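*Asks:* What follows is run_29.txt, made up of compact mmCIF, C-alpha atoms:
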# COMPACT_ATOMS: atom_id res chain seq x y z
CA MET T 322 -68.08 15.47 3.43
CA ALA T 323 -71.24 14.53 5.30
CA ILE T 324 -71.88 11.60 2.95
CA ALA T 325 -68.29 10.39 3.29
CA ALA T 326 -68.46 10.66 7.08
CA SER T 327 -71.72 8.73 7.15
CA PHE T 328 -70.23 6.03 4.94
CA LEU T 329 -67.19 5.70 7.21
CA TRP T 330 -69.47 5.51 10.26
CA ILE T 331 -71.48 2.70 8.64
CA LEU T 332 -68.32 0.78 7.77
CA ASN T 333 -67.00 1.20 11.29
CA SER T 334 -70.30 0.16 12.90
CA CYS T 335 -70.39 -3.00 10.78
CA LYS T 336 -66.81 -3.95 11.60
CA PRO T 337 -66.76 -7.39 13.25
CA ALA T 338 -66.24 -7.26 16.99
CA SER T 339 -63.12 -8.90 18.40
CA PRO T 340 -63.82 -12.29 19.99
CA PRO T 341 -63.16 -12.72 23.72
CA ASP T 342 -59.97 -14.42 24.84
CA VAL T 343 -61.61 -17.72 25.75
CA ALA T 344 -58.30 -19.42 26.54
CA LYS T 345 -57.39 -16.71 29.04
CA VAL T 346 -60.78 -16.99 30.74
CA ALA T 347 -60.72 -20.81 30.69
CA HIS T 348 -57.43 -20.92 32.60
CA SER T 349 -58.21 -18.08 35.00
CA GLU T 350 -58.27 -18.53 38.77
CA ARG T 351 -61.96 -17.64 38.86
CA VAL T 352 -62.86 -20.41 36.42
CA ASN T 353 -60.59 -22.90 38.19
CA THR T 354 -62.34 -22.15 41.49
CA SER T 355 -65.82 -22.40 39.96
CA ASP T 356 -64.88 -25.65 38.23
CA LYS T 357 -63.80 -27.21 41.53
CA GLN T 358 -67.15 -26.22 43.02
CA ALA T 359 -69.01 -27.78 40.08
CA THR T 360 -66.93 -30.96 40.35
CA THR T 361 -67.84 -31.26 44.03
CA LEU T 362 -71.52 -30.61 43.33
CA LEU T 363 -71.79 -33.23 40.57
CA SER T 364 -69.89 -35.78 42.65
CA LYS T 365 -72.21 -35.25 45.62
CA THR T 366 -75.22 -35.54 43.32
CA PHE T 367 -74.09 -38.97 42.13
CA ASP T 368 -73.17 -40.06 45.66
CA ARG T 369 -76.65 -39.16 46.88
CA LEU T 370 -78.24 -40.91 43.92
CA TRP T 371 -76.35 -44.16 44.52
CA HIS T 372 -77.07 -43.98 48.26
CA ASP T 373 -80.82 -43.45 47.89
CA GLN T 374 -81.44 -45.79 44.95
CA SER T 375 -80.00 -49.04 46.31
CA TRP T 376 -81.43 -50.99 43.36
CA LEU T 377 -78.81 -49.33 41.14
CA ALA T 378 -75.36 -50.90 40.72
CA PRO T 379 -73.02 -48.01 39.73
CA GLN T 380 -70.39 -48.90 37.13
CA PRO T 381 -66.76 -47.82 37.67
CA SER T 382 -66.15 -45.75 34.54
CA GLN T 383 -67.33 -42.16 34.06
CA ALA T 384 -67.01 -39.70 31.18
CA VAL T 385 -66.12 -36.05 31.73
CA LEU T 386 -66.40 -33.15 29.30
CA ASP T 387 -65.46 -29.69 30.53
CA GLN T 388 -65.43 -26.77 28.08
CA CYS T 389 -65.41 -22.97 27.95
CA GLU T 390 -66.72 -21.22 24.85
CA SER T 391 -68.19 -18.17 23.22
CA PHE T 392 -70.55 -18.00 20.26
CA SER T 393 -70.95 -15.32 17.62
CA SER T 394 -74.21 -13.99 16.22
CA GLY T 395 -75.35 -11.35 13.73
CA LEU T 396 -75.51 -11.20 9.94
CA ILE T 397 -74.35 -7.63 9.39
CA LYS T 398 -72.33 -7.05 12.55
CA THR T 399 -70.78 -9.91 14.48
CA THR T 400 -71.46 -9.95 18.20
CA TRP T 401 -69.72 -12.36 20.56
CA GLN T 402 -71.57 -13.83 23.51
CA PRO T 403 -69.97 -13.79 26.98
CA VAL T 404 -67.77 -16.78 27.79
CA THR T 405 -69.52 -19.64 29.57
CA CYS T 406 -68.07 -22.87 30.97
CA THR T 407 -69.92 -26.15 31.43
CA ARG T 408 -68.88 -29.41 33.06
CA SER T 409 -70.69 -32.65 32.17
CA VAL T 410 -70.22 -36.03 33.84
CA LYS T 411 -71.72 -39.20 32.41
CA ALA T 412 -72.17 -42.25 34.65
CA THR T 413 -73.95 -45.57 34.25
CA ALA T 414 -75.61 -48.02 36.62
CA ALA T 415 -77.01 -51.50 36.06
CA PHE T 416 -80.23 -52.92 37.47
CA ASP T 417 -82.72 -55.78 37.23
CA GLY T 418 -86.32 -56.34 38.27
CA ASP T 419 -89.40 -54.30 37.39
CA PHE T 420 -88.26 -51.58 34.95
CA ALA T 421 -91.32 -49.37 35.39
CA ALA T 422 -91.49 -49.65 39.19
CA HIS T 423 -87.81 -48.84 39.68
CA ASN T 424 -87.86 -45.81 37.40
CA LEU T 425 -91.07 -44.43 38.88
CA LYS T 426 -89.33 -44.66 42.25
CA LEU T 427 -86.41 -42.73 40.76
CA HIS T 428 -88.75 -40.00 39.49
CA LYS T 429 -90.37 -39.68 42.91
CA ALA T 430 -86.96 -39.32 44.55
CA LEU T 431 -85.79 -36.71 42.04
CA LYS T 432 -88.99 -34.73 42.50
CA SER T 433 -88.56 -34.75 46.29
CA MET T 434 -85.04 -33.35 45.84
CA GLY T 435 -86.25 -30.42 43.76
CA TRP T 436 -85.57 -31.72 40.26
CA ILE T 437 -88.08 -30.53 37.66
CA ALA T 438 -88.68 -32.33 34.36
CA SER T 439 -87.97 -30.34 31.22
CA GLY T 440 -90.65 -31.77 28.96
CA SER T 441 -91.71 -35.37 29.44
CA ALA T 442 -90.94 -36.87 32.85
CA ILE T 443 -90.29 -40.55 33.60
CA PRO T 444 -93.99 -41.30 34.37
CA ASP T 445 -94.95 -39.86 30.95
CA VAL T 446 -92.41 -42.08 29.19
CA ILE T 447 -93.58 -45.15 31.12
CA THR T 448 -97.27 -44.44 30.41
CA ASN T 449 -97.04 -43.28 26.80
CA TYR T 450 -94.23 -45.46 25.45
CA TYR T 451 -93.03 -48.29 27.66
CA ARG T 452 -96.31 -49.87 28.77
CA PRO T 453 -98.20 -49.75 25.44
CA MET T 454 -95.21 -50.58 23.21
CA ASN T 455 -92.81 -52.80 25.18
CA GLY T 456 -92.13 -56.05 23.32
CA ARG T 457 -93.75 -54.98 20.05
CA PRO T 458 -91.79 -55.31 16.78
CA GLN T 459 -89.94 -52.09 16.06
CA GLY T 460 -87.57 -50.70 13.43
CA SER T 461 -85.66 -52.26 10.57
CA PRO T 462 -84.28 -54.79 11.09
CA ALA T 463 -87.19 -55.54 13.38
CA HIS T 464 -86.53 -55.90 17.08
CA ALA T 465 -88.69 -55.94 20.19
CA TYR T 466 -89.37 -52.42 21.46
CA GLY T 467 -87.70 -51.93 24.80
CA PRO T 468 -86.12 -49.43 27.20
CA SER T 469 -83.33 -48.52 24.78
CA ASP T 470 -86.01 -47.22 22.37
CA LEU T 471 -87.55 -44.88 24.93
CA PRO T 472 -87.03 -41.13 24.52
CA ASP T 473 -84.54 -39.46 26.83
CA VAL T 474 -85.82 -37.48 29.79
CA THR T 475 -84.20 -34.38 31.23
CA TYR T 476 -84.55 -32.87 34.69
CA SER T 477 -83.16 -29.56 35.87
CA ARG T 478 -82.32 -28.10 39.25
CA ALA T 479 -80.99 -24.68 40.20
CA PRO T 480 -78.39 -23.39 39.87
CA GLN T 481 -78.00 -24.29 36.19
CA ILE T 482 -77.63 -28.03 36.63
CA ALA T 483 -79.31 -30.57 34.37
CA MET T 484 -79.70 -34.35 34.39
CA ASN T 485 -80.33 -36.31 31.19
CA ILE T 486 -81.46 -39.93 31.57
CA ARG T 487 -81.67 -42.76 29.06
CA TRP T 488 -81.65 -46.55 29.16
CA LEU T 489 -79.79 -49.41 27.50
CA THR T 490 -80.51 -53.10 27.10
CA ARG T 491 -78.38 -55.97 25.84
CA GLY T 492 -77.71 -55.58 22.12
CA SER T 493 -78.61 -51.89 21.97
CA PRO T 494 -76.10 -49.46 20.39
CA LEU T 495 -73.60 -48.18 22.94
CA ASP T 496 -73.37 -44.59 21.72
CA LEU T 497 -71.73 -43.21 24.84
CA THR T 498 -69.03 -40.98 23.34
CA SER T 499 -68.78 -37.46 24.73
CA SER T 500 -67.65 -35.47 21.70
CA PRO T 501 -66.18 -32.05 22.50
CA ARG T 502 -67.43 -29.15 20.44
CA SER T 503 -64.70 -27.72 18.26
CA GLY T 504 -64.19 -24.13 17.23
CA GLU T 505 -61.82 -21.21 17.38
CA GLN T 506 -63.54 -19.87 20.50
CA THR T 507 -63.84 -23.18 22.37
CA VAL T 508 -61.37 -24.44 24.95
CA THR T 509 -61.59 -27.98 26.31
CA ARG T 510 -60.45 -28.14 29.92
CA GLU T 511 -61.05 -31.88 30.32
CA ASN T 512 -62.21 -34.69 28.05
CA LYS T 513 -62.37 -38.21 29.47
CA GLN T 514 -64.25 -40.94 27.63
CA LEU T 515 -66.38 -43.61 29.28
CA ASP T 516 -65.07 -47.17 29.02
CA THR T 517 -67.83 -48.90 27.07
CA GLN T 518 -66.44 -52.30 28.04
CA THR T 519 -67.76 -51.74 31.56
CA VAL T 520 -71.24 -51.18 30.10
CA THR T 521 -70.98 -54.25 27.87
CA LYS T 522 -69.97 -56.34 30.88
CA ALA T 523 -72.79 -54.89 32.98
CA LEU T 524 -75.34 -55.84 30.32
CA ARG T 525 -74.04 -59.42 30.34
CA ASN T 526 -74.80 -59.65 34.05
CA HIS T 527 -77.85 -57.40 34.33
CA ARG T 528 -80.99 -56.74 32.35
CA TYR T 529 -80.78 -52.94 32.11
CA VAL T 530 -78.31 -50.07 32.26
CA ILE T 531 -79.36 -46.51 32.99
CA VAL T 532 -77.21 -43.64 31.71
CA PHE T 533 -77.08 -40.39 33.68
CA ASN T 534 -75.51 -37.28 32.18
CA LEU T 535 -75.15 -34.48 34.74
CA SER T 536 -74.11 -31.05 33.52
CA SER T 537 -73.49 -27.77 35.30
CA ARG T 538 -72.88 -24.38 33.71
CA TYR T 539 -70.52 -23.24 36.42
CA PHE T 540 -69.20 -20.03 34.88
CA ASP T 541 -70.85 -17.14 33.06
CA ALA T 542 -68.80 -14.03 32.32
CA THR T 543 -71.90 -11.84 32.75
CA GLN T 544 -72.27 -12.84 36.39
CA SER T 545 -70.36 -11.17 39.21
CA PRO T 546 -67.75 -13.30 40.96
CA SER T 547 -68.71 -15.21 44.06
CA PRO T 548 -67.57 -13.49 47.29
CA THR T 549 -66.13 -16.75 48.57
CA THR T 550 -64.62 -19.95 47.22
CA SER T 551 -66.92 -22.08 49.34
CA PRO T 552 -68.89 -24.56 47.17
CA SER T 553 -72.00 -23.88 49.23
CA THR T 554 -72.11 -20.25 48.06
CA SER T 555 -72.53 -20.84 44.35
CA TYR T 556 -73.75 -24.42 44.30
CA CYS T 557 -76.28 -24.99 47.03
CA ALA T 558 -77.16 -28.67 47.24
CA CYS T 559 -80.03 -29.16 49.66
CA TRP T 560 -81.53 -32.61 49.48
CA SER T 561 -84.51 -34.17 51.09
CA GLY T 562 -83.29 -35.81 54.25
CA ASN T 563 -80.35 -34.61 56.27
CA LEU T 564 -77.80 -33.69 53.58
CA CYS T 565 -77.71 -29.96 52.99
CA THR T 566 -74.81 -27.75 51.96
CA CYS T 567 -76.87 -24.55 51.83
CA PRO T 568 -76.02 -21.71 54.20
CA GLY T 569 -78.23 -22.08 57.25
CA GLY T 570 -79.44 -25.48 56.04
Just give me the structure of the file as structure tokens.

*Replies:*
Amino acid sequence: MAIAASFLWILNSCKPASPPDVAKVAHSERVNTSDKQATTLLSKTFDRLWHDQSWLAPQPSQAVLDQCESFSSGLIKTTWQPVTCTRSVKATAAFDGDFAAHNLKLHKALKSMGWIASGSAIPDVITNYYRPMNGRPQGSPAHAYGPSDLPDVTYSRAPQIAMNIRWLTRGSPLDLTSSPRSGEQTVTRENKQLDTQTVTKALRNHRYVIVFNLSSRYFDATQSPSPTTSPSTSYCACWSGNLCTCPGG
């Protein structure tokens, strides 16, 4: 009897856990409220960026990808991770002039606003890649090394917001599709693709295009709900200068 009971206990302990109801969470009032806050935060981030960096000419089309999901782990017993939701917005801007000088100015502005590079920062990319390699033959078929060959850079800023940056030049591949992840435990709340024709047109009239991808993990089922629906509670956006949505800021 003891052996049989132990065997049944083992079978029961190894039984796969039931996945969370991602669809129910994704369409809940709490997620809807948090998503609105994230949307406001990302919009204000871009507005501030365009205002401060007057050398950038923002393009009209933006891509949006908003998803809630849960992942499973475990070889013997399946464990499901808490549901998280992330909103990403991709925007482009054209510019001309001194590539290095403009982007170093951008790095300085981001740093002053509290953004921290995750890995290589813009000055590292300029020093280690752009300056020593710009114009040299590269790849097959051979082409002159340029901004579109530079590695991406990523900056982060609390709470759970990230900014990925890359560059395009005329003739470079326009891989700007925001592909939603698919899976049984993934719910796509919004998926809007960027109009690549606006980028193609921008590159006919300008020398460079910079691609910003802002993302915010705005919901985590392990975190307690915010006591208020005010965007300033969960998404504090204090900038250098006089724009501050933080309490008491």

*Asks:* For Thr498 of chain T, find every residue with an atom within 10 Å (counting all atoms listed in the file), except residues of its own chain fewer than 2 positions away, and show them as an MDAnalysis selection string.

*Replies:* chainID T and resid 384 411 495:496 500:501 513:517

*Asks:* Padding of 5 Å on every side, edges along x, y and z, all listed atoms of segment 340-351 of chain T included: what centre and edge lengths in Å, to one decimal, does that box have, as JSON?

*Replies:*
{"center_x": -60.6, "center_y": -16.6, "center_z": 29.4, "size_x": 16.4, "size_y": 18.6, "size_z": 28.9}

*Asks:* Find the distance between atom CA of Asn353 of chain T and atom CA of Asn485 of chain T and write it in Å to one decimal.

*Replies:*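 Computing the Euclidean distance for atom CA of Asn353 of chain T and atom CA of Asn485 of chain T yields 24.9 Å.
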
*Asks:* Record the distance separating atom CA of Phe540 of chain T and atom CA of Ala414 of chain T, expressed in Å with one decimal.

*Replies:* 28.8 Å

*Asks:* Please work out which residues fall within 6 Å of (-70.7, -27.9, 31.5), coordinates as given in the file, with only C-alpha atoms counting, and return them as a PyMOL selection string.

*Replies:* chain T and resi 387+406-409+536-538

*Asks:* If you count all atoms listed in the file, which residues fall within 12 Å of Ile486 of chain T, apart from same-chain ones fewer than 2 positions away, as a VMD selection string?

*Replies:* chain T and resid 411 to 414 424 427 to 428 431 438 to 439 441 to 443 446 468 to 469 471 to 477 483 to 484 488 to 489 530 to 536

*Asks:* Would you mind telling me which residue in T:Gly492, T:Gly418, T:Gly435, T:Pro444 lies nearest to Gly467 of chain T when using all atoms listed in the file?

*Replies:*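 Checking each of T:Gly492, T:Gly418, T:Gly435, T:Pro444 against Gly467 of chain T, counting all atoms listed in the file, the winner is T:Gly492.
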
*Asks:* What does the distance between atom CA of Thr448 of chain T and atom CA of Ala421 of chain T come to in Å, to one decimal place?

*Replies:* 9.2 Å

*Asks:* Go through T:Ser493, T:Ser382, T:Gln506, T:Gln358 one by one, measure the shortest atom-to-atom distance of each to Trp401 of chain T using only C-alpha atoms, and give the residue with the smallest value.

*Replies:*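 Among the listed residues, the smallest separation from Trp401 of chain T belongs to T:Gln506.
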
*Asks:* Using only C-alpha atoms, pick whichever of T:Leu362, T:Ala347, T:Leu425, T:Val352 has the shortest atom-to-atom distance to Val410 of chain T.

*Replies:*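 Checking each of T:Leu362, T:Ala347, T:Leu425, T:Val352 against Val410 of chain T, counting only C-alpha atoms, the winner is T:Leu362.
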
*Asks:* Quick one: residues within 8 Å of Thr405 of chain T, all atoms listed in the file, excluding same-chain residues fewer than 2 positions away - as a list in words?

*Replies:*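 The neighbour list is Cys389, Glu390, Ser391, Pro403, Thr407, Arg538, Tyr539, Phe540, Asp541 and Ala542 of chain T.
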